[in-house]
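A short worksheet on the structure shown next.
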Amino acid sequence: MSGAGPGRAPAKRRPPAPSSPSPPRRPQLFDDASAPPQAPFLAEPVSSFAVAYGSSLATQGKQLVDRNDWQVQYQQDTPVAPRFDINAPDLYIPVMAFITYVLVAGLALGTQNRFSPDLLGLQASSALAWLIVEVLAVLLSLYLVTVNTDLTTIDLVAFSGYKYVGMIVGLVAGLLFGRTGYFLLLSWCCLSIFVFMIRTLRLKILSEAAAEGVLVRGAKNQLRMYLTMAVAGLQPIFMYWLTFHLVR
């Protein structure tokens with residue numbers, strides 16, 4: 001007789017149930033908008049756009065430098081709109097440049113801890129007052145010299161307001177590079193506006209000589225030449241006077 005009981009039969013293991021096949025994945029109809037954009041994908045288009053934009057600016061700049069025709073185009077005795085004639089004066093650039101000049105002046109005062117609303121208002125009102133005085137002085141000079149020209153008051157405001165672009169360039173250069181950058185960039189802008197005013201106003205103030213294609217001699221023509229030089233020479237003076245105290 002053995003002490004152990006009868007042995008138990010080993011339990012049978014059930015075979016694993018067959019796994020159900022996973023449903024096929026549906027194709028994605030839309031891209032995941034929450035995923036961040038890939039930098040390499042955008043790098044090439046942005047660089048291409050920058051190169052194309054830079055080439056366009058270079059081409060336009062070369063055309064302006066090589067341009068010899070500075071006369072305003074007319075159609076049936078009426079000046080062509082500025083959007084169709086690059087030589088036609090308009091108020092868009094002067095107005096935007098004046099507003100930007102006031103903002104940059106406020107920024108310059110803020111970096112020097114001198115900003116205040118009253119001081120910024122004084123800066124804007126003084127710049128506007130000098131512009132009005134300049135235009136009135138030119139109108140009075142044209143009347144005294146008895147110049148027959150098609151220059152209007154709006155044209156004089158536009159021509160006198162172009163100097164604010166150079167003033168902005170000088171102020172930004174002063175903020176970034178100090179007084180050295182200010183004087184270098186402002187000098188270049190002063191020279192540019194002087195040449196621009198001479199080439200533009202000589203066709204307006206000396207309209208009789210330009211129409212005849214010859215140089216009108218005499219004291220009257222000399223007065224017109226002096227007036228043209230004076231108006232062009234005033235631009236660098238105002239550009240320096242309205243910006244030098246904003247750069248430290």
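Naming works like this for the structure tokens: A, B, ... for the chains as they're shown, residue 1 at the start of each chain, ligands 1 onward in shown order.
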Applying 12 Å and only C-alpha atoms, which residues near segment 96-103 of chain A remain after dropping the ones on its own chain fewer than 3 positions away? List them as JSON, numbers by chain. {"A": [90, 91, 92, 93, 106, 107, 108, 109, 110, 115, 117, 119, 120, 121, 122, 123, 124, 125, 126, 127, 128, 131, 157, 158, 160, 161, 162, 163, 164, 165, 166, 167, 168, 169, 170, 171, 172, 239, 242, 243, 246]}
Could you please take those selected residues and save N, CA and C atoms as a compact mmCIF listing (two decimals), in the first residue's frame?
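Wrote again_12.txt, looks like this:
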```txt
# COMPACT_ATOMS: atom_id res chain seq x y z
N ASP A 90 3.27 113.88 -54.64
CA ASP A 90 2.07 113.45 -53.93
C ASP A 90 2.32 113.62 -52.45
N LEU A 91 1.25 113.58 -51.67
CA LEU A 91 1.34 113.83 -50.23
C LEU A 91 1.43 112.56 -49.41
N TYR A 92 1.38 111.40 -50.04
CA TYR A 92 1.39 110.16 -49.25
C TYR A 92 2.72 109.99 -48.51
N ILE A 93 3.82 110.09 -49.24
CA ILE A 93 5.14 109.92 -48.62
C ILE A 93 5.41 111.01 -47.58
N GLY A 106 9.90 110.35 -30.57
CA GLY A 106 9.47 109.88 -29.26
C GLY A 106 10.30 108.70 -28.76
N LEU A 107 10.66 107.80 -29.68
CA LEU A 107 11.52 106.67 -29.31
C LEU A 107 12.90 107.15 -28.88
N ALA A 108 13.45 108.13 -29.60
CA ALA A 108 14.76 108.66 -29.23
C ALA A 108 14.71 109.34 -27.87
N LEU A 109 13.64 110.08 -27.60
CA LEU A 109 13.51 110.71 -26.29
C LEU A 109 13.34 109.67 -25.19
N GLY A 110 12.63 108.59 -25.50
CA GLY A 110 12.44 107.54 -24.49
C GLY A 110 13.73 106.83 -24.14
N PHE A 115 11.45 111.38 -22.30
CA PHE A 115 10.15 111.37 -22.96
C PHE A 115 9.07 111.94 -22.05
N PRO A 117 4.74 113.47 -22.87
CA PRO A 117 3.76 113.85 -23.91
C PRO A 117 3.89 115.30 -24.33
N LEU A 119 6.63 117.15 -24.35
CA LEU A 119 7.83 117.33 -25.17
C LEU A 119 7.63 116.74 -26.57
N LEU A 120 6.93 115.61 -26.65
CA LEU A 120 6.65 115.03 -27.96
C LEU A 120 5.71 115.92 -28.77
N GLY A 121 4.70 116.48 -28.10
CA GLY A 121 3.81 117.42 -28.79
C GLY A 121 4.54 118.66 -29.26
N LEU A 122 5.49 119.15 -28.45
CA LEU A 122 6.28 120.30 -28.86
C LEU A 122 7.15 119.98 -30.07
N GLN A 123 7.68 118.75 -30.10
CA GLN A 123 8.49 118.34 -31.24
C GLN A 123 7.66 118.29 -32.52
N ALA A 124 6.47 117.73 -32.44
CA ALA A 124 5.61 117.63 -33.62
C ALA A 124 5.12 119.00 -34.07
N SER A 125 4.71 119.85 -33.13
CA SER A 125 4.20 121.17 -33.51
C SER A 125 5.30 122.05 -34.08
N SER A 126 6.52 121.95 -33.56
CA SER A 126 7.61 122.76 -34.10
C SER A 126 7.97 122.32 -35.52
N ALA A 127 7.98 121.00 -35.77
CA ALA A 127 8.27 120.51 -37.12
C ALA A 127 7.19 120.97 -38.10
N LEU A 128 5.93 120.92 -37.68
CA LEU A 128 4.84 121.37 -38.55
C LEU A 128 4.90 122.87 -38.77
N LEU A 131 7.54 123.71 -41.29
CA LEU A 131 7.10 123.34 -42.63
C LEU A 131 6.18 124.41 -43.21
N VAL A 157 4.20 121.73 -50.50
CA VAL A 157 4.13 120.94 -49.27
C VAL A 157 4.72 119.55 -49.49
N ALA A 158 4.43 118.96 -50.64
CA ALA A 158 4.98 117.63 -50.94
C ALA A 158 6.49 117.67 -51.07
N SER A 160 8.57 119.86 -49.87
CA SER A 160 9.18 120.18 -48.58
C SER A 160 9.07 119.03 -47.58
N GLY A 161 8.09 118.16 -47.77
CA GLY A 161 7.90 117.05 -46.83
C GLY A 161 8.76 115.84 -47.11
N TYR A 162 9.40 115.80 -48.29
CA TYR A 162 10.25 114.65 -48.60
C TYR A 162 11.48 114.58 -47.70
N LYS A 163 11.87 115.69 -47.10
CA LYS A 163 13.06 115.67 -46.26
C LYS A 163 12.86 114.86 -44.99
N TYR A 164 11.62 114.61 -44.59
CA TYR A 164 11.38 113.82 -43.37
C TYR A 164 11.86 112.38 -43.54
N VAL A 165 11.91 111.90 -44.77
CA VAL A 165 12.42 110.55 -45.00
C VAL A 165 13.90 110.48 -44.60
N GLY A 166 14.68 111.46 -45.04
CA GLY A 166 16.09 111.50 -44.66
C GLY A 166 16.29 111.73 -43.18
N MET A 167 15.40 112.50 -42.57
CA MET A 167 15.50 112.73 -41.12
C MET A 167 15.26 111.43 -40.35
N ILE A 168 14.33 110.62 -40.82
CA ILE A 168 14.08 109.32 -40.17
C ILE A 168 15.31 108.42 -40.29
N VAL A 169 15.93 108.39 -41.48
CA VAL A 169 17.11 107.56 -41.67
C VAL A 169 18.23 108.02 -40.74
N GLY A 170 18.42 109.33 -40.61
CA GLY A 170 19.45 109.83 -39.72
C GLY A 170 19.19 109.50 -38.26
N LEU A 171 17.94 109.63 -37.82
CA LEU A 171 17.61 109.32 -36.43
C LEU A 171 17.78 107.84 -36.11
N VAL A 172 17.33 106.98 -37.02
CA VAL A 172 17.50 105.54 -36.80
C VAL A 172 18.97 105.17 -36.77
N MET A 239 16.74 119.66 -41.90
CA MET A 239 16.97 118.27 -41.51
C MET A 239 17.89 118.17 -40.30
N LEU A 242 16.12 119.92 -36.95
CA LEU A 242 15.03 119.19 -36.31
C LEU A 242 15.43 117.81 -35.78
N THR A 243 16.70 117.44 -35.91
CA THR A 243 17.12 116.10 -35.46
C THR A 243 18.36 116.08 -34.56
N LEU A 246 18.05 115.27 -30.85
CA LEU A 246 17.46 113.98 -30.49
C LEU A 246 18.48 112.86 -30.43
```
Taking only C-alpha atoms into account, which of A:Leu234, A:Trp188, A:Leu144, A:Pro94 comes nearest Ala173 of chain A? A:Trp188
Set the distance at 9 Å and use only C-alpha atoms: which residues neighbour Pro236 of chain A once local chain neighbours fewer than 5 positions away are removed? I'd like the list as a PyMOL selection string. chain A and resi 163+186-187+189-191+193-194+241
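Taking only C-alpha atoms into account, Leu206 of chain A lies nearest to A:Thr149 out of the set A:Thr149, A:Leu176, A:Val247, A:Val231.
Atom pair atom CA of Leu142 of chain A / atom CA of Gln235 of chain A: separated by 17.4 Å.
The interatomic distance for the pair atom CA of Met229 of chain A and atom CA of His245 of chain A works out to 26.3 Å.
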